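Participant: Take this structure, written in structure tokens, and hold onto it; I'll ask about it next.
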Amino acid sequence: MHNKTVIITGATAGIGLAAAEELAEMGARVVGISRDPDKCARVAGQLQEKTGNGDIGFFCADLSSLTEVRRVADDLLAQFPRIDILINNAGAIFVRRKLTVDGIERTFALNHLSNFLLTDLLLDRIAASAPARIINVSSSSHYKGRIHFDDPQLKRGYAAFRAYQQSKLANVLFTYELDRKLKGNGVTVNAMHPGLVRTDIAKDNGWLFRLFQPLYLKWSRTPEEGARTIVYLASSAEVEGVSGKFFIDERPVRSAKASYNLEDAARLWELSDGLVR
């Protein structure tokens, strides 16, 4: 991984932090994106000290904001002449329906649209760095997801898991549609499920998190275990040239039937493009 530049969103905690640490230990130039400036600075220093890799830095951005996504993409393009690996990892689940500064339901905005827009803005640089890789962190929750094209922002009947499942299916549909568009240019794109991991993905949800926390802690994986497939997809020679797949535990598996719907994939792409413009 020496001389490889890795961009990873949501890299100050959970599986993002675990993946950042392991890739840094492999010698990669690791560039994290997270929203808390103090945490970005603290984690960057901790990773440099722990891994002995001084080539670690963080950019601060609230990825639920389209303006912030554009700003951080401009900053990345200005600083890095090549981007070898993009890991779209940031995500969350929200009990209550809230809108972002752009007036978009924030689960859809953070978990899907930020991936869509950041990838689009960096894609020319990634392609120029080929062979290059894009990794989208999804979830097995996508198996129960449905894209509500008649109401994608769930103005009617919002529920936390309904919104989350939709966003995770969107991750997989986006992965497959991007793969079809990228054929032949040396960039691979895959989605993955990290497993149930002990992270703070639901930390802002009060009673919901506390209610399920005992079971969550008993059955969940460590962040290091959850990050294993991310690191594998980012670094392994075994997946060189492998694209348009969904991985669990370092193996490609069949994703949800809905994720192979070509019409829905194209429709989601058009919907997403319209929302970020």
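In the structure tokens, each chain is lettered A, B, ... as it comes, each chain's residues begin at 1, and ligands are numbered from 1 in order of appearance.
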With the cut-off set at 6 Å and counting only C-alpha atoms, tabulate each residue of region 123-193 of chain A with an atom at most that distance from an atom of region 231-250 of chain A, showing the nearest atom pair and its distance in Å to one decimal, ordered by chain and increasing number, as CSV.

Facilitator:
residue,atom,partner,partner_atom,distance
A:Tyr176,CA,A:Gly244,CA,5.1
A:Asp179,CA,A:Gly244,CA,5.4
A:Thr188,CA,A:Ser243,CA,4.7
A:Val189,CA,A:Ser243,CA,5.2
A:Asn190,CA,A:Lys245,CA,5.1
A:Ala191,CA,A:Phe246,CA,4.8
A:Met192,CA,A:Phe247,CA,4.5
A:His193,CA,A:Ile248,CA,5.3

Participant: Could you go through region 25-265 of chain A and tell me which residues DSSP, when run on the backbone, assigns to helix (DSSP H, G or I), listing them as a short mmCIF file (atom, residue, chain, number, x, y, z; two decimals) with C-alpha atoms, in the first residue's frame?

Facilitator:
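Ended up saving to out_32.cif:
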data_model
loop_
_atom_site.label_atom_id
_atom_site.label_comp_id
_atom_site.auth_asym_id
_atom_site.auth_seq_id
_atom_site.Cartn_x
_atom_site.Cartn_y
_atom_site.Cartn_z
CA GLU A 25 0.08 0.30 9.11
CA PRO A 37 -12.54 19.32 13.88
CA ASP A 38 -11.23 18.52 17.36
CA LYS A 39 -11.76 14.81 16.87
CA CYS A 40 -10.13 14.93 13.43
CA ALA A 41 -6.99 16.53 14.88
CA ARG A 42 -6.86 14.17 17.86
CA VAL A 43 -7.38 10.99 15.84
CA ALA A 44 -4.84 12.01 13.20
CA GLY A 45 -2.20 12.43 15.91
CA GLN A 46 -3.14 9.17 17.60
CA LEU A 47 -2.95 7.23 14.34
CA GLN A 48 0.40 8.73 13.42
CA GLU A 49 1.83 7.80 16.80
CA LYS A 50 0.31 4.32 16.89
CA THR A 51 1.19 3.27 13.33
CA LEU A 66 -24.06 19.00 -0.30
CA THR A 67 -22.10 22.25 -0.03
CA GLU A 68 -19.72 20.63 2.45
CA VAL A 69 -19.26 17.61 0.18
CA ARG A 70 -18.34 19.90 -2.70
CA ARG A 71 -15.95 21.90 -0.53
CA VAL A 72 -14.09 18.89 0.80
CA ALA A 73 -13.89 17.39 -2.69
CA ASP A 74 -12.29 20.62 -3.95
CA ASP A 75 -9.81 20.51 -1.07
CA LEU A 76 -8.91 16.90 -1.80
CA LEU A 77 -8.42 17.55 -5.50
CA ALA A 78 -6.22 20.56 -4.74
CA GLN A 79 -3.94 18.57 -2.44
CA ARG A 106 -30.85 13.25 6.41
CA THR A 107 -30.62 9.42 6.31
CA PHE A 108 -30.87 9.49 2.52
CA ALA A 109 -28.58 12.53 2.34
CA LEU A 110 -25.79 11.16 4.53
CA ASN A 111 -25.93 7.45 3.75
CA HIS A 112 -26.47 7.70 0.00
CA LEU A 113 -26.28 11.14 -1.56
CA SER A 114 -22.95 12.00 0.06
CA ASN A 115 -21.46 8.84 -1.49
CA PHE A 116 -23.02 9.61 -4.84
CA LEU A 117 -21.80 13.20 -4.98
CA LEU A 118 -18.33 12.72 -3.46
CA THR A 119 -17.63 9.83 -5.82
CA ASP A 120 -18.81 11.85 -8.80
CA LEU A 121 -16.63 14.84 -7.88
CA LEU A 122 -13.51 12.71 -7.36
CA LEU A 123 -14.11 10.24 -10.17
CA ASP A 124 -11.90 11.83 -12.84
CA ARG A 125 -8.95 11.90 -10.42
CA ILE A 126 -9.63 8.32 -9.36
CA ALA A 127 -9.81 7.18 -12.99
CA ALA A 128 -6.56 9.01 -13.77
CA SER A 140 -27.32 -6.65 5.16
CA SER A 141 -30.23 -4.34 6.02
CA HIS A 142 -30.47 -3.67 2.29
CA TYR A 143 -32.07 -7.11 1.86
CA LYS A 144 -35.24 -5.69 3.42
CA ALA A 160 -35.76 4.81 11.29
CA PHE A 161 -35.16 1.32 9.96
CA ARG A 162 -37.27 1.92 6.88
CA ALA A 163 -35.11 4.92 6.01
CA TYR A 164 -31.90 3.06 6.84
CA GLN A 165 -32.84 -0.01 4.79
CA GLN A 166 -33.70 2.19 1.81
CA SER A 167 -30.35 3.99 2.04
CA LYS A 168 -28.40 0.74 2.26
CA LEU A 169 -30.19 -0.67 -0.80
CA ALA A 170 -29.36 2.60 -2.54
CA ASN A 171 -25.68 1.95 -1.75
CA VAL A 172 -25.79 -1.37 -3.58
CA LEU A 173 -27.83 -0.10 -6.54
CA PHE A 174 -25.39 2.80 -6.87
CA THR A 175 -22.43 0.41 -6.75
CA TYR A 176 -23.77 -1.76 -9.55
CA GLU A 177 -24.84 1.15 -11.75
CA LEU A 178 -21.46 2.86 -11.29
CA ASP A 179 -19.74 -0.40 -12.20
CA ARG A 180 -21.69 -0.54 -15.45
CA LYS A 181 -20.67 3.03 -16.26
CA LEU A 182 -17.00 2.44 -15.40
CA LYS A 203 -25.47 7.15 19.48
CA ASP A 204 -27.73 10.18 18.91
CA ASN A 205 -30.93 8.19 19.24
CA TRP A 207 -33.87 5.47 24.12
CA LEU A 208 -33.56 3.35 20.96
CA PHE A 209 -29.86 2.80 21.43
CA ARG A 210 -30.21 2.13 25.17
CA LEU A 211 -33.04 -0.35 24.59
CA PHE A 212 -31.04 -2.55 22.25
CA GLN A 213 -27.58 -1.92 23.71
CA PRO A 214 -27.33 -5.13 25.84
CA LEU A 215 -28.13 -7.41 22.88
CA TYR A 216 -26.10 -5.20 20.58
CA LEU A 217 -22.98 -5.53 22.74
CA LYS A 218 -23.46 -9.28 23.22
CA TRP A 219 -23.77 -10.22 19.56
CA PRO A 223 -14.68 -2.51 14.81
CA GLU A 224 -11.51 -4.35 13.78
CA GLU A 225 -13.53 -7.40 12.78
CA GLY A 226 -16.05 -5.23 10.96
CA ALA A 227 -13.31 -3.43 9.05
CA ARG A 228 -11.67 -6.61 7.79
CA THR A 229 -13.58 -6.75 4.50
CA ILE A 230 -13.01 -3.04 3.87
CA VAL A 231 -9.27 -3.54 4.23
CA TYR A 232 -9.42 -6.66 2.08
CA LEU A 233 -11.23 -4.85 -0.74
CA ALA A 234 -8.84 -1.91 -0.49
CA SER A 235 -5.60 -3.85 -0.43
CA ALA A 237 -4.39 -8.61 -4.84
CA GLU A 238 -7.13 -11.28 -4.88
CA VAL A 239 -9.73 -8.67 -5.84
CA LYS A 257 -33.03 -9.31 -5.70
CA ALA A 258 -34.05 -5.64 -5.81
CA SER A 259 -30.40 -4.60 -6.18
CA TYR A 260 -30.20 -6.20 -9.65
CA LEU A 262 -31.56 -2.26 -13.92
CA GLU A 263 -34.54 0.06 -14.27
CA ASP A 264 -34.49 0.95 -10.59
CA ALA A 265 -30.73 1.51 -10.66
#

Participant: Excluding same-chain residues fewer than 5 positions from Cys60 (chain A), what lies within 6 Å of it counting only C-alpha atoms, as a list in words?

Facilitator: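 Surrounding residues, per the criterion: Ile33, Ser34, Arg35 and Pro37 of chain A.
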
Participant: If you keep C-alpha atoms, can you produce a file of those selected residues as a JSON list (two decimals), in the first residue's frame?

Facilitator:
[["chain", "number", "residue", "atom", "x", "y", "z"],
["A", 33, "ILE", "CA", -13.08, 12.84, 6.41],
["A", 34, "SER", "CA", -15.18, 13.54, 9.49],
["A", 35, "ARG", "CA", -17.30, 16.38, 10.83],
["A", 37, "PRO", "CA", -12.54, 19.32, 13.88]]

Participant: Per DSSP on the backbone, filter region 24-266 of chain A down to the residues in strand (DSSP E) and report them as a ChimeraX atom specification.

Facilitator: /A:29-34,56-60,85-88,132-137,187-193,246-248,251-253

Participant: Could you write out the selected residues, including C-alpha atoms, as a short mmCIF file (atom, residue, chain, number, x, y, z; two decimals), in the first residue's frame?

Facilitator:
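File written: result-v9.cif
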data_model
loop_
_atom_site.label_atom_id
_atom_site.label_comp_id
_atom_site.auth_asym_id
_atom_site.auth_seq_id
_atom_site.Cartn_x
_atom_site.Cartn_y
_atom_site.Cartn_z
CA ARG A 29 -1.33 7.61 2.77
CA VAL A 30 -4.58 7.77 4.72
CA VAL A 31 -6.90 10.76 4.41
CA GLY A 32 -9.95 10.73 6.65
CA ILE A 33 -13.08 12.84 6.41
CA SER A 34 -15.18 13.54 9.49
CA ILE A 56 -2.08 10.63 7.82
CA GLY A 57 -4.40 13.60 7.68
CA PHE A 58 -8.03 14.56 8.12
CA PHE A 59 -10.41 16.94 6.40
CA CYS A 60 -13.45 18.20 8.27
CA ILE A 85 -8.85 4.20 -3.17
CA LEU A 86 -12.10 5.84 -2.07
CA ILE A 87 -13.94 4.25 0.84
CA ASN A 88 -17.46 5.61 1.32
CA ALA A 132 -8.03 2.28 -8.52
CA ARG A 133 -10.79 1.08 -6.24
CA ILE A 134 -14.05 2.41 -4.79
CA ILE A 135 -15.62 0.67 -1.79
CA ASN A 136 -19.15 1.44 -0.60
CA VAL A 137 -20.05 0.33 2.91
CA VAL A 187 -11.58 1.49 -11.66
CA THR A 188 -13.36 -1.19 -9.66
CA VAL A 189 -16.32 -0.55 -7.37
CA ASN A 190 -17.74 -2.97 -4.81
CA ALA A 191 -20.15 -2.85 -1.87
CA MET A 192 -19.85 -4.71 1.40
CA HIS A 193 -21.56 -5.60 4.68
CA PHE A 246 -21.37 -7.40 -2.84
CA PHE A 247 -19.04 -8.83 -0.19
CA ILE A 248 -19.57 -10.33 3.23
CA ARG A 251 -16.39 -13.23 -0.09
CA PRO A 252 -18.71 -12.10 -2.89
CA VAL A 253 -22.32 -13.08 -2.20
#

Participant: Find the distance between CA of Thr5 (chain A) and CA of Asp84 (chain A) and write it in Å to one decimal.

Facilitator: 5.3 Å

Participant: Nearest residue to Ile147 (chain A) out of A:Lys98, A:Lys4, A:Arg267, A:Lys183, using only C-alpha atoms?

Facilitator: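 Among A:Lys98, A:Lys4, A:Arg267, A:Lys183, it is A:Arg267 that comes nearest to Ile147 (chain A).
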
Participant: Nearest residue to Val95 (chain A) out of A:Ile83, A:Ile15, A:Ala159, A:Ala28, using only C-alpha atoms?

Facilitator: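 When distances to Val95 (chain A) are compared using only C-alpha atoms, the smallest one comes from A:Ala159.
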
Participant: What is the distance between CA of Leu196 (chain A) and CA of Gly14 (chain A), in Å to one decimal?

Facilitator: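 CA of Gly14 (chain A) lies 11.3 Å from CA of Leu196 (chain A).
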